[in-house]
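Trainee: So I've got this file, protein02.txt, and it contains compact mmCIF, C-alpha atoms:
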# COMPACT_ATOMS: atom_id res chain seq x y z
CA MET A 1 -120.40 -121.69 53.93
CA HIS A 2 -117.07 -121.06 52.20
CA LEU A 3 -116.17 -117.51 51.21
CA ARG A 4 -113.46 -117.53 48.56
CA PRO A 5 -110.40 -115.49 49.62
CA SER A 6 -108.66 -113.21 47.16
CA ARG A 7 -105.94 -114.95 45.19
CA ILE A 8 -104.16 -111.66 44.49
CA LEU A 9 -104.07 -110.61 48.14
CA ARG A 10 -102.86 -114.04 49.22
CA LEU A 11 -100.06 -114.00 46.66
CA LEU A 12 -99.00 -110.49 47.69
CA ARG A 13 -98.88 -111.54 51.34
CA GLU A 14 -96.67 -114.47 50.33
CA GLY A 15 -94.27 -112.19 48.44
CA HIS A 16 -95.36 -113.12 44.92
CA MET A 17 -96.08 -110.81 41.96
CA PRO A 18 -99.59 -111.53 40.62
CA SER A 19 -100.31 -111.37 36.88
CA ILE A 20 -103.41 -109.71 35.40
CA LEU A 21 -104.90 -110.06 31.91
CA LYS A 22 -107.10 -107.22 30.66
CA VAL A 23 -110.25 -108.58 29.01
CA ASN A 24 -112.20 -106.39 26.61
CA LEU A 25 -114.24 -109.14 24.96
CA SER A 26 -117.47 -110.11 26.69
CA ASP A 27 -117.46 -113.89 26.16
CA PRO A 28 -116.94 -115.73 29.49
CA ARG A 29 -114.89 -118.32 27.61
CA VAL A 30 -112.09 -115.77 27.36
CA LEU A 31 -111.97 -115.81 31.16
CA GLU A 32 -111.89 -119.60 31.17
CA ILE A 33 -108.97 -119.65 28.73
CA ALA A 34 -107.12 -117.15 30.92
CA GLY A 35 -107.79 -119.25 34.00
CA LEU A 36 -106.65 -122.46 32.34
CA CYS A 37 -103.44 -120.68 31.28
CA GLY A 38 -102.71 -119.69 34.88
CA VAL A 39 -103.33 -115.96 35.26
CA ASP A 40 -104.01 -114.75 38.77
CA GLY A 41 -106.53 -112.09 37.88
CA VAL A 42 -108.50 -110.57 35.04
CA TRP A 43 -109.25 -106.91 34.53
CA LEU A 44 -112.78 -106.35 33.26
CA CYS A 45 -114.07 -102.92 32.34
CA THR A 46 -117.25 -100.87 32.38
CA GLU A 47 -115.46 -97.54 31.89
CA HIS A 48 -114.56 -97.98 28.22
CA VAL A 49 -116.13 -101.33 27.27
CA PRO A 50 -119.90 -101.77 26.64
CA ASN A 51 -120.34 -104.61 29.12
CA ASP A 52 -123.81 -105.03 30.57
CA TRP A 53 -124.43 -106.18 34.14
CA VAL A 54 -125.67 -109.69 33.25
CA GLY A 55 -122.75 -110.32 30.92
CA LEU A 56 -120.36 -109.03 33.54
CA GLU A 57 -121.86 -111.35 36.14
CA ASN A 58 -121.26 -114.33 33.85
CA GLN A 59 -117.65 -113.26 33.30
CA ILE A 60 -117.09 -112.96 37.05
CA ARG A 61 -118.66 -116.39 37.53
CA ALA A 62 -116.32 -117.88 34.89
CA ALA A 63 -113.31 -116.37 36.66
CA ARG A 64 -114.45 -117.72 40.02
CA ILE A 65 -114.76 -121.25 38.61
CA HIS A 66 -111.02 -121.17 37.83
CA ASN A 67 -110.00 -119.43 41.09
CA VAL A 68 -109.12 -116.24 39.21
CA ASP A 69 -109.71 -112.84 40.78
CA ALA A 70 -111.98 -110.63 38.68
CA LEU A 71 -111.17 -106.93 39.00
CA VAL A 72 -113.82 -104.66 37.50
CA ARG A 73 -112.88 -101.16 36.44
CA VAL A 74 -116.09 -99.32 37.22
CA ALA A 75 -117.66 -96.40 35.44
CA LYS A 76 -117.50 -93.13 37.33
CA GLY A 77 -120.91 -92.81 38.91
CA SER A 78 -123.01 -93.46 41.97
CA TYR A 79 -122.18 -95.80 44.83
CA SER A 80 -124.36 -98.45 43.13
CA ASP A 81 -121.93 -98.54 40.19
CA TYR A 82 -119.14 -99.24 42.66
CA ILE A 83 -120.76 -101.92 44.81
CA LYS A 84 -122.59 -103.94 42.15
CA PRO A 85 -119.40 -105.71 41.00
CA PHE A 86 -118.76 -106.70 44.61
CA GLU A 87 -122.31 -108.03 44.93
CA MET A 88 -121.64 -110.11 41.79
CA ASP A 89 -118.67 -111.50 43.76
CA ALA A 90 -115.93 -109.73 41.86
CA ALA A 91 -112.69 -109.89 43.79
CA GLY A 92 -112.18 -106.17 43.45
CA ILE A 93 -112.86 -102.91 41.69
CA ILE A 94 -110.65 -100.33 40.00
CA VAL A 95 -111.96 -96.76 40.24
CA PRO A 96 -110.61 -94.55 37.43
CA HIS A 97 -109.56 -90.90 37.50
CA VAL A 98 -109.40 -90.39 41.25
CA ALA A 99 -108.60 -86.70 41.68
CA ASP A 100 -107.72 -86.14 45.34
CA ALA A 101 -107.95 -87.47 48.88
CA ASP A 102 -111.48 -86.16 49.38
CA GLU A 103 -112.75 -88.16 46.43
CA ALA A 104 -110.77 -91.21 47.55
CA ARG A 105 -112.35 -90.98 51.00
CA ARG A 106 -115.84 -90.81 49.46
CA ILE A 107 -115.09 -93.92 47.40
CA ILE A 108 -113.86 -95.81 50.45
CA ASP A 109 -116.98 -94.78 52.34
CA SER A 110 -119.12 -96.15 49.51
CA VAL A 111 -117.45 -99.55 49.18
CA ARG A 112 -116.38 -100.52 52.70
CA PHE A 113 -118.67 -101.55 55.52
CA HIS A 114 -118.53 -100.11 59.03
CA PRO A 115 -116.11 -99.38 60.66
CA LEU A 116 -114.05 -98.69 57.50
CA GLY A 117 -116.85 -97.04 55.56
CA ARG A 118 -120.57 -96.60 55.08
CA ARG A 119 -121.39 -99.05 52.30
CA ALA A 120 -125.07 -99.85 51.80
CA LEU A 121 -125.86 -103.31 53.18
CA ASP A 122 -127.61 -106.12 51.33
CA GLY A 123 -126.07 -109.61 51.56
CA GLY A 124 -128.71 -111.20 49.32
CA ASN A 125 -126.39 -111.69 46.35
CA ILE A 126 -123.72 -114.24 45.56
CA ASP A 127 -121.02 -112.38 47.52
CA GLY A 128 -123.07 -113.02 50.67
CA GLN A 129 -124.20 -116.39 49.32
CA PHE A 130 -127.78 -115.17 49.22
CA CYS A 131 -128.05 -114.44 52.96
CA LEU A 132 -126.67 -117.86 53.90
CA VAL A 133 -123.50 -116.37 55.40
CA PRO A 134 -123.65 -115.00 58.96
CA MET A 135 -123.71 -111.22 58.86
CA ALA A 136 -120.52 -110.71 60.87
CA ASP A 137 -118.60 -113.06 58.56
CA TYR A 138 -119.95 -111.32 55.47
CA LEU A 139 -118.96 -107.85 56.70
CA SER A 140 -115.47 -108.92 57.75
CA TYR A 141 -114.90 -110.83 54.50
CA SER A 142 -116.05 -107.88 52.39
CA ASN A 143 -113.79 -105.44 54.21
CA HIS A 144 -110.64 -107.58 54.18
CA GLU A 145 -110.78 -109.93 51.16
CA LYS A 146 -112.28 -107.60 48.57
CA ILE A 147 -109.80 -105.39 46.72
CA VAL A 148 -110.20 -101.65 46.16
CA ILE A 149 -107.78 -100.09 43.67
CA LEU A 150 -107.71 -96.36 42.93
CA GLN A 151 -106.37 -95.14 39.60
CA ILE A 152 -104.02 -92.15 39.41
CA GLU A 153 -103.77 -90.84 35.86
CA SER A 154 -103.57 -87.03 35.81
CA PRO A 155 -101.07 -84.35 36.86
CA GLU A 156 -103.65 -82.96 39.30
CA ALA A 157 -104.10 -86.33 41.02
CA LEU A 158 -100.33 -86.84 41.16
CA GLU A 159 -100.03 -83.78 43.38
CA HIS A 160 -102.27 -85.52 45.92
CA VAL A 161 -100.95 -89.08 45.58
CA GLU A 162 -99.20 -89.16 48.97
CA ALA A 163 -102.36 -87.97 50.74
CA ILE A 164 -104.46 -90.49 48.80
CA CYS A 165 -102.17 -93.40 49.60
CA ALA A 166 -102.12 -92.48 53.29
CA LEU A 167 -105.86 -93.12 53.60
CA PRO A 168 -106.91 -96.40 55.23
CA GLY A 169 -109.51 -98.67 53.69
CA PHE A 170 -108.15 -99.40 50.21
CA ASP A 171 -105.50 -101.75 48.91
CA GLY A 172 -103.63 -100.46 45.91
CA VAL A 173 -103.07 -97.90 43.19
CA LEU A 174 -103.03 -98.34 39.44
CA PHE A 175 -100.96 -95.72 37.62
CA GLY A 176 -102.45 -94.84 34.23
CA PRO A 177 -99.53 -93.87 31.98
CA GLY A 178 -101.67 -93.53 28.86
CA ASP A 179 -104.04 -90.89 30.19
CA PHE A 180 -101.24 -89.21 32.12
CA SER A 181 -99.15 -88.86 28.95
CA HIS A 182 -102.18 -87.53 27.10
CA ARG A 183 -102.90 -84.96 29.81
CA ILE A 184 -99.37 -83.52 29.61
CA GLY A 185 -99.39 -83.35 25.82
CA VAL A 186 -97.18 -86.34 24.98
CA ALA A 187 -99.87 -88.94 24.28
CA GLY A 188 -98.51 -92.47 24.03
CA GLN A 189 -94.95 -91.54 25.05
CA LEU A 190 -94.86 -93.77 28.10
CA ASP A 191 -91.09 -93.43 28.43
CA HIS A 192 -91.22 -89.63 28.50
CA PRO A 193 -89.22 -88.36 31.50
CA THR A 194 -92.25 -86.66 33.06
CA VAL A 195 -94.32 -89.84 32.76
CA VAL A 196 -91.51 -91.94 34.22
CA ALA A 197 -91.09 -89.50 37.12
CA ALA A 198 -94.84 -89.63 37.81
CA ARG A 199 -94.80 -93.43 37.73
CA ARG A 200 -91.97 -93.52 40.24
CA ARG A 201 -93.68 -91.03 42.52
CA VAL A 202 -96.87 -93.11 42.57
CA ALA A 203 -94.92 -96.28 43.37
CA ALA A 204 -93.00 -94.53 46.14
CA ALA A 205 -96.21 -93.20 47.71
CA CYS A 206 -97.69 -96.71 47.66
CA LYS A 207 -94.63 -98.20 49.28
CA ALA A 208 -94.55 -95.56 52.00
CA SER A 209 -98.20 -96.22 52.90
CA GLY A 210 -98.22 -100.01 52.62
CA LYS A 211 -100.37 -100.10 49.46
CA PHE A 212 -99.53 -102.26 46.45
CA CYS A 213 -98.80 -100.59 43.12
CA MET A 214 -100.16 -102.13 39.92
CA ALA A 215 -98.63 -101.68 36.47
CA ALA A 216 -101.23 -101.39 33.72
CA GLY A 217 -98.91 -103.30 31.38
CA LEU A 218 -95.31 -104.23 30.70
CA TYR A 219 -94.60 -100.75 29.32
CA ALA A 220 -91.18 -100.39 30.97
CA PRO A 221 -88.32 -102.81 31.71
CA PHE A 222 -89.65 -105.30 34.23
CA HIS A 223 -86.70 -104.94 36.62
CA ASP A 224 -87.23 -101.16 36.65
CA LEU A 225 -90.88 -101.57 37.64
CA VAL A 226 -89.96 -104.04 40.38
CA ASN A 227 -87.20 -101.83 41.73
CA GLU A 228 -89.62 -98.91 41.83
CA GLY A 229 -92.06 -100.94 43.92
CA PHE A 230 -94.61 -102.34 41.48
CA ARG A 231 -95.93 -105.72 42.59
CA VAL A 232 -99.02 -106.46 40.43
CA PHE A 233 -98.53 -106.65 36.68
CA GLY A 234 -100.82 -106.38 33.70
CA ILE A 235 -99.48 -108.78 31.10
CA GLY A 236 -101.51 -107.57 28.11
CA SER A 237 -105.03 -107.83 26.75
CA ASP A 238 -107.19 -110.28 24.87
CA VAL A 239 -107.79 -107.96 21.91
CA VAL A 240 -104.07 -107.26 21.41
CA ALA A 241 -103.30 -110.98 21.69
CA LEU A 242 -105.98 -111.89 19.17
CA SER A 243 -105.01 -109.22 16.65
CA SER A 244 -101.31 -110.12 16.98
CA TYR A 245 -102.08 -113.80 16.37
CA VAL A 246 -104.25 -113.08 13.33
CA LYS A 247 -101.62 -110.78 11.80
CA GLN A 248 -98.87 -113.34 12.43
CA ARG A 249 -100.83 -116.13 10.77
CA LEU A 250 -101.76 -113.93 7.81
CA GLU A 251 -98.13 -112.99 7.29
CA LEU A 252 -97.22 -116.67 7.37
CA VAL A 253 -99.81 -117.59 4.73
CA ARG A 254 -98.91 -114.61 2.53
CA GLY A 255 -95.25 -115.62 2.70
CA HIS A 256 -96.16 -119.12 1.54
CA ILE A 257 -98.24 -117.68 -1.31
CA GLU A 258 -95.41 -115.39 -2.35
CA ALA A 259 -93.07 -118.38 -2.57
CA LEU A 260 -95.34 -120.37 -4.89
CA PRO A 261 -94.27 -121.09 -8.46
CA ALA A 262 -95.50 -118.55 -10.99
CA SER A 263 -97.73 -121.18 -12.59
CA VAL A 264 -99.96 -121.37 -9.50
CA LYS A 265 -99.24 -118.08 -7.76
CA PRO A 266 -102.31 -115.77 -7.71
CA SER A 267 -102.09 -112.13 -8.70
CA THR A 268 -101.32 -109.52 -6.04
CA ARG A 269 -104.37 -108.13 -4.24
CA SER A 270 -105.19 -105.83 -1.39
CA PRO A 271 -105.43 -107.70 1.92
CA TYR A 272 -108.68 -105.79 2.61
CA ALA A 273 -110.47 -106.49 -0.69
As C-alpha cells - that is how I would like this structure written.

Mentor:
Amino acid sequence: MHLRPSRILRLLREGHMPSILKVNLSDPRVLEIAGLCGVDGVWLCTEHVPNDWVGLENQIRAARIHNVDALVRVAKGSYSDYIKPFEMDAAGIIVPHVADADEARRIIDSVRFHPLGRRALDGGNIDGQFCLVPMADYLSYSNHEKIVILQIESPEALEHVEAICALPGFDGVLFGPGDFSHRIGVAGQLDHPTVVAARRRVAAACKASGKFCMAAGLYAPFHDLVNEGFRVFGIGSDVVALSSYVKQRLELVRGHIEALPASVKPSTRSPYA
C-alpha cells in the first residue's frame, strides 16, 4: 500500500517555498482548478466556513487526486474535531487561537500517536487505507507526514510564542495578522508597527525552534517576509479571486457601453437594479 507523503513537507525539506490557496467555496471543482494551476496546498476551513464533514471529505479527495496538500483549519472543540480531517486523509490541520504552551501540548497530545502524543487510534478510514496498512507504518506515517500548524493571533499568545514553538510534535505556526490587529484596536492595519513587530517575533521563534512559519497572505513585501523567516505562503483566496474577476469584467463591459454612440447607448442605471 502507498501512503502519500506531504508535498508541503517535501518541498520545505528541499528548500522550496510552498504556495497555499485559501478555499472558502465548498465545490470540489475549486480544488481541482487549484491543483491544475499548480498550487502546493489548499487551506480549507471549518472555523468560519459552514463546511460539513461529507463535503469536506470530497474536497480533500479532490486535492489528493491532484497531489495537493489539503490543510483544514479546524473549529475549536474536542479531539474528534481535530483528528477527523486527518482520518479523511487531509495533509494537515491548522488549529486557531492557540493561547499558550499548555494548550499547545494538549493539542499535540490529541493529534499525534505514541510516543509523540495520545491520539485515539482507529485506522479504518482512508488515511489508514481502511485497515489495509500495517499498524506500525500507519502510526509512523501519521506522526511524520501529517502536518500540525498552530495559529498565533492574540497579544496573550504572543507572550508565549517562544515556549509554544519549543514544544516537539508539531510542524509550523501561522501568524494571524487580522485577528491580532483587531485585538490591539487597529483592525485591518496589517502594517501597524505593533503588528509587524509581532509578526517578526513569531517568525523568529519558529526559526529558533526549527518550525516553519506560514504567512496567511501576501500582506507585506515578499522579500521582507522571506528575510524574517516565513517559508509557506498564502497566495489569496477563491472568493477574492472570483469577486475581483467579476468586478473587472463588469468594468470592462460598462466602459464599452459608455463609449457607445448616443443613438444606441442605454440610459444610466444603478449596477444593482

Trainee: Please, what distance in Å, to one decimal, runs between atom CA of A:Leu21 and atom CA of A:Cys37?

Mentor: 10.7 Å

Trainee: Determine the nearest neighbour of A:Arg105 from the options A:Ile164, A:Ser154, A:His48, A:Arg200, counting all atoms listed in the file.

Mentor: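 Comparing A:Ile164, A:Ser154, A:His48, A:Arg200 against A:Arg105, the winner is A:Ile164.
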
Trainee: Give me, as a tab-separated table, the closest atom pair and its distance (Å, one decimal) for every residue of stretch 55-143 of chain A within a cut-off of 8 Å of stretch 31-35 of chain A, counting only C-alpha atoms, rows sorted by chain and rising number.

Mentor:
residue	atom	partner	partner_atom	distance
A:Gln59	CA	A:Leu31	CA	6.6
A:Ala62	CA	A:Glu32	CA	6.0
A:Ala63	CA	A:Leu31	CA	5.7
A:His66	CA	A:Gly35	CA	5.4
A:Asn67	CA	A:Gly35	CA	7.4
A:Val68	CA	A:Gly35	CA	6.2

Trainee: Please indicate the distance in Å from atom CA of A:Arg106 to atom CA of A:Gly123, rounded to one decimal place.

Mentor: 21.5 Å

Trainee: Which residue gives the smallest distance to A:Asp171 among A:Arg199, A:Arg10, A:Arg73, A:Lys211, with all atoms listed in the file counted?

Mentor: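 Closest to A:Asp171, using all atoms listed in the file: A:Lys211.
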
Trainee: Could you state the separation of atom CA of A:Val111 and atom CA of A:Phe175 in Å, given to one decimal place?

Mentor: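 Result for atom CA of A:Val111 versus atom CA of A:Phe175: 20.5 Å, one decimal.
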
Trainee: Can you tell me, as a list in words, which residues sit within 12 Å of (-96.6, -94.9, 49.9) in the file's frame, using all atoms listed in the file?

Mentor: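 These residues have at least one counted atom within 12 Å: His160, Val161, Glu162, Ala163, Ile164, Cys165, Ala166, Leu167, Pro168, Asp171, Gly172, Val173, Arg200, Arg201, Val202, Ala203, Ala204, Ala205, Cys206, Lys207, Ala208, Ser209, Gly210, Lys211, Phe212, Cys213, Glu228, Gly229 and Phe230 of chain A.
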
Trainee: I'd like the contact shell of A:Val49 - 10 Å cut-off, all atoms listed in the file, skipping same-chain residues fewer than 2 positions apart - returned as an mmCIF file with C-alpha atoms, in the frame of the given file.

Mentor:
data_model
loop_
_atom_site.group_PDB
_atom_site.id
_atom_site.type_symbol
_atom_site.label_atom_id
_atom_site.label_comp_id
_atom_site.auth_asym_id
_atom_site.auth_seq_id
_atom_site.Cartn_x
_atom_site.Cartn_y
_atom_site.Cartn_z
ATOM 1 C CA VAL A 23 -110.250 -108.580 29.010
ATOM 2 C CA ASN A 24 -112.200 -106.390 26.610
ATOM 3 C CA LEU A 25 -114.240 -109.140 24.960
ATOM 4 C CA SER A 26 -117.470 -110.110 26.690
ATOM 5 C CA LEU A 44 -112.780 -106.350 33.260
ATOM 6 C CA CYS A 45 -114.070 -102.920 32.340
ATOM 7 C CA THR A 46 -117.250 -100.870 32.380
ATOM 8 C CA GLU A 47 -115.460 -97.540 31.890
ATOM 9 C CA ASN A 51 -120.340 -104.610 29.120
ATOM 10 C CA ASP A 52 -123.810 -105.030 30.570
ATOM 11 C CA ARG A 73 -112.880 -101.160 36.440
ATOM 12 C CA ALA A 75 -117.660 -96.400 35.440
#

Trainee: Find the residue from A:Val246, A:Ala91, A:Pro155, A:Arg231 that sits nearest to A:Thr194; use only C-alpha atoms when measuring.

Mentor: A:Pro155

Trainee: Enumerate, as a list in words, the protein, DNA and RNA residues whose atoms approach (-119.8, -106.5, 48.4) to within 10 Å, taking into account only C-alpha atoms and the coordinate frame of the file.

Mentor: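 Returned residue set, sorted by chain then number, is Tyr82, Ile83, Lys84, Pro85, Phe86, Glu87, Met88, Asp89, Ala90, Ala91, Gly92, Val111, Arg112, Phe113, Arg119, Ala120, Leu121, Asp122, Gly123, Asn125, Ile126, Asp127, Gly128, Tyr138, Leu139, Tyr141, Ser142, Asn143 and Lys146 of chain A.
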
Trainee: Might you pull out every residue within 12 Å of A:Arg269, with all atoms listed in the file counted and same-chain residues fewer than 5 positions away left off, and present them as an MDAnalysis selection string?

Mentor: chainID A and resid 254 257:258

Trainee: Check the smallest atom-to-atom distance from each of A:Ile65, A:Leu218, A:Val232, A:Pro134 to A:Leu9 using all atoms listed in the file, then report the winner.

Mentor: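 Of A:Ile65, A:Leu218, A:Val232, A:Pro134, the one nearest A:Leu9, counting all atoms listed in the file, is A:Val232.
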
Trainee: Near A:Val195, within 7 Å and counting only C-alpha atoms, which residues show up once chain neighbours fewer than 3 positions away are dropped, as a PyMOL selection string?

Mentor: chain A and resi 177+180-181+190-192+198-199

Trainee: Dump C-alpha atoms for the selected residues as a PDB file, in the coordinates of the input?

Mentor:
ATOM      1  CA  PRO A 177     -99.530 -93.870  31.980  1.00  0.00           C
ATOM      2  CA  PHE A 180    -101.240 -89.210  32.120  1.00  0.00           C
ATOM      3  CA  SER A 181     -99.150 -88.860  28.950  1.00  0.00           C
ATOM      4  CA  LEU A 190     -94.860 -93.770  28.100  1.00  0.00           C
ATOM      5  CA  ASP A 191     -91.090 -93.430  28.430  1.00  0.00           C
ATOM      6  CA  HIS A 192     -91.220 -89.630  28.500  1.00  0.00           C
ATOM      7  CA  ALA A 198     -94.840 -89.630  37.810  1.00  0.00           C
ATOM      8  CA  ARG A 199     -94.800 -93.430  37.730  1.00  0.00           C
TER       9      ARG A 199
END

Trainee: Under the rule that all atoms listed in the file are counted, which of A:Leu56, A:Tyr79, A:Val196, A:Leu11 is the nearest residue to A:Arg118?

Mentor: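 Looking at the shortest contact to A:Arg118, the residue is A:Tyr79.
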
Trainee: Write out as number ranges by chain the residues lying within 7 Å of stretch 40-43 of chain A, counting all atoms listed in the file and excluding same-chain residues fewer than 4 positions away.

Mentor: A: 7-8, 18-23, 68-72

Trainee: Could you check the closest approach to A:Glu153 for each of A:Ile184, A:Leu132, A:Ala273, A:Leu252 and tell me which residue wins, using all atoms listed in the file?

Mentor: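 Closest residue, counting all atoms listed in the file: A:Ile184.
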
Trainee: Mind filling out stretch 185-215 of chain A with N, CA and C atoms and sending it as a PDB file, in the frame of the given file?

Mentor:
ATOM      1  N   GLY A 185     -99.681 -83.701  27.200  1.00  0.00           N
ATOM      2  CA  GLY A 185     -99.390 -83.350  25.820  1.00  0.00           C
ATOM      3  C   GLY A 185     -98.375 -84.230  25.113  1.00  0.00           C
ATOM      4  N   VAL A 186     -98.124 -85.426  25.642  1.00  0.00           N
ATOM      5  CA  VAL A 186     -97.180 -86.340  24.980  1.00  0.00           C
ATOM      6  C   VAL A 186     -97.851 -87.717  24.850  1.00  0.00           C
ATOM      7  N   ALA A 187     -99.050 -87.724  24.322  1.00  0.00           N
ATOM      8  CA  ALA A 187     -99.870 -88.940  24.280  1.00  0.00           C
ATOM      9  C   ALA A 187     -99.110 -90.133  23.710  1.00  0.00           C
ATOM     10  N   GLY A 188     -99.132 -91.226  24.469  1.00  0.00           N
ATOM     11  CA  GLY A 188     -98.510 -92.470  24.030  1.00  0.00           C
ATOM     12  C   GLY A 188     -97.025 -92.572  24.312  1.00  0.00           C
ATOM     13  N   GLN A 189     -96.393 -91.500  24.764  1.00  0.00           N
ATOM     14  CA  GLN A 189     -94.950 -91.540  25.050  1.00  0.00           C
ATOM     15  C   GLN A 189     -94.756 -91.969  26.510  1.00  0.00           C
ATOM     16  N   LEU A 190     -94.885 -93.262  26.724  1.00  0.00           N
ATOM     17  CA  LEU A 190     -94.860 -93.770  28.100  1.00  0.00           C
ATOM     18  C   LEU A 190     -93.481 -93.748  28.724  1.00  0.00           C
ATOM     19  N   ASP A 191     -92.452 -93.540  27.896  1.00  0.00           N
ATOM     20  CA  ASP A 191     -91.090 -93.430  28.430  1.00  0.00           C
ATOM     21  C   ASP A 191     -90.637 -91.973  28.528  1.00  0.00           C
ATOM     22  N   HIS A 192     -91.565 -91.045  28.360  1.00  0.00           N
ATOM     23  CA  HIS A 192     -91.220 -89.630  28.500  1.00  0.00           C
ATOM     24  C   HIS A 192     -90.769 -89.380  29.944  1.00  0.00           C
ATOM     25  N   PRO A 193     -89.740 -88.567  30.147  1.00  0.00           N
ATOM     26  CA  PRO A 193     -89.220 -88.360  31.500  1.00  0.00           C
ATOM     27  C   PRO A 193     -90.265 -87.926  32.524  1.00  0.00           C
ATOM     28  N   THR A 194     -91.228 -87.108  32.112  1.00  0.00           N
ATOM     29  CA  THR A 194     -92.250 -86.660  33.060  1.00  0.00           C
ATOM     30  C   THR A 194     -93.185 -87.809  33.436  1.00  0.00           C
ATOM     31  N   VAL A 195     -93.481 -88.673  32.474  1.00  0.00           N
ATOM     32  CA  VAL A 195     -94.320 -89.840  32.760  1.00  0.00           C
ATOM     33  C   VAL A 195     -93.582 -90.809  33.673  1.00  0.00           C
ATOM     34  N   VAL A 196     -92.314 -91.034  33.391  1.00  0.00           N
ATOM     35  CA  VAL A 196     -91.510 -91.940  34.220  1.00  0.00           C
ATOM     36  C   VAL A 196     -91.408 -91.399  35.649  1.00  0.00           C
ATOM     37  N   ALA A 197     -91.181 -90.103  35.777  1.00  0.00           N
ATOM     38  CA  ALA A 197     -91.090 -89.500  37.120  1.00  0.00           C
ATOM     39  C   ALA A 197     -92.405 -89.642  37.871  1.00  0.00           C
ATOM     40  N   ALA A 198     -93.526 -89.477  37.169  1.00  0.00           N
ATOM     41  CA  ALA A 198     -94.840 -89.630  37.810  1.00  0.00           C
ATOM     42  C   ALA A 198     -95.040 -91.073  38.252  1.00  0.00           C
ATOM     43  N   ARG A 199     -94.685 -92.007  37.399  1.00  0.00           N
ATOM     44  CA  ARG A 199     -94.800 -93.430  37.730  1.00  0.00           C
ATOM     45  C   ARG A 199     -94.017 -93.758  38.990  1.00  0.00           C
ATOM     46  N   ARG A 200     -92.821 -93.253  39.084  1.00  0.00           N
ATOM     47  CA  ARG A 200     -91.970 -93.520  40.240  1.00  0.00           C
ATOM     48  C   ARG A 200     -92.524 -92.872  41.503  1.00  0.00           C
ATOM     49  N   ARG A 201     -93.114 -91.703  41.352  1.00  0.00           N
ATOM     50  CA  ARG A 201     -93.680 -91.030  42.520  1.00  0.00           C
ATOM     51  C   ARG A 201     -94.888 -91.806  43.053  1.00  0.00           C
ATOM     52  N   VAL A 202     -95.719 -92.310  42.149  1.00  0.00           N
ATOM     53  CA  VAL A 202     -96.870 -93.110  42.570  1.00  0.00           C
ATOM     54  C   VAL A 202     -96.402 -94.357  43.304  1.00  0.00           C
ATOM     55  N   ALA A 203     -95.421 -95.052  42.739  1.00  0.00           N
ATOM     56  CA  ALA A 203     -94.920 -96.280  43.370  1.00  0.00           C
ATOM     57  C   ALA A 203     -94.323 -95.986  44.737  1.00  0.00           C
ATOM     58  N   ALA A 204     -93.598 -94.889  44.858  1.00  0.00           N
ATOM     59  CA  ALA A 204     -93.000 -94.530  46.140  1.00  0.00           C
ATOM     60  C   ALA A 204     -94.065 -94.209  47.184  1.00  0.00           C
ATOM     61  N   ALA A 205     -95.124 -93.527  46.772  1.00  0.00           N
ATOM     62  CA  ALA A 205     -96.210 -93.200  47.710  1.00  0.00           C
ATOM     63  C   ALA A 205     -96.903 -94.471  48.179  1.00  0.00           C
ATOM     64  N   CYS A 206     -97.094 -95.429  47.269  1.00  0.00           N
ATOM     65  CA  CYS A 206     -97.690 -96.710  47.660  1.00  0.00           C
ATOM     66  C   CYS A 206     -96.822 -97.421  48.680  1.00  0.00           C
ATOM     67  N   LYS A 207     -95.546 -97.494  48.394  1.00  0.00           N
ATOM     68  CA  LYS A 207     -94.630 -98.200  49.280  1.00  0.00           C
ATOM     69  C   LYS A 207     -94.604 -97.573  50.665  1.00  0.00           C
ATOM     70  N   ALA A 208     -94.615 -96.248  50.722  1.00  0.00           N
ATOM     71  CA  ALA A 208     -94.550 -95.560  52.000  1.00  0.00           C
ATOM     72  C   ALA A 208     -95.797 -95.788  52.847  1.00  0.00           C
ATOM     73  N   SER A 209     -96.935 -96.059  52.189  1.00  0.00           N
ATOM     74  CA  SER A 209     -98.200 -96.220  52.900  1.00  0.00           C
ATOM     75  C   SER A 209     -98.675 -97.670  52.990  1.00  0.00           C
ATOM     76  N   GLY A 210     -97.855 -98.607  52.519  1.00  0.00           N
ATOM     77  CA  GLY A 210     -98.220-100.010  52.620  1.00  0.00           C
ATOM     78  C   GLY A 210     -99.292-100.444  51.631  1.00  0.00           C
ATOM     79  N   LYS A 211     -99.438 -99.715  50.515  1.00  0.00           N
ATOM     80  CA  LYS A 211    -100.370-100.100  49.460  1.00  0.00           C
ATOM     81  C   LYS A 211     -99.578-100.788  48.349  1.00  0.00           C
ATOM     82  N   PHE A 212    -100.225-101.693  47.598  1.00  0.00           N
ATOM     83  CA  PHE A 212     -99.530-102.260  46.450  1.00  0.00           C
ATOM     84  C   PHE A 212     -99.703-101.334  45.244  1.00  0.00           C
ATOM     85  N   CYS A 213     -98.743-101.389  44.347  1.00  0.00           N
ATOM     86  CA  CYS A 213     -98.800-100.590  43.120  1.00  0.00           C
ATOM     87  C   CYS A 213     -98.914-101.539  41.940  1.00  0.00           C
ATOM     88  N   MET A 214     -99.873-101.267  41.071  1.00  0.00           N
ATOM     89  CA  MET A 214    -100.160-102.130  39.920  1.00  0.00           C
ATOM     90  C   MET A 214     -99.731-101.437  38.635  1.00  0.00           C
ATOM     91  N   ALA A 215     -99.011-102.172  37.792  1.00  0.00           N
ATOM     92  CA  ALA A 215     -98.630-101.680  36.470  1.00  0.00           C
ATOM     93  C   ALA A 215     -99.694-102.086  35.465  1.00  0.00           C
TER      94      ALA A 215
END
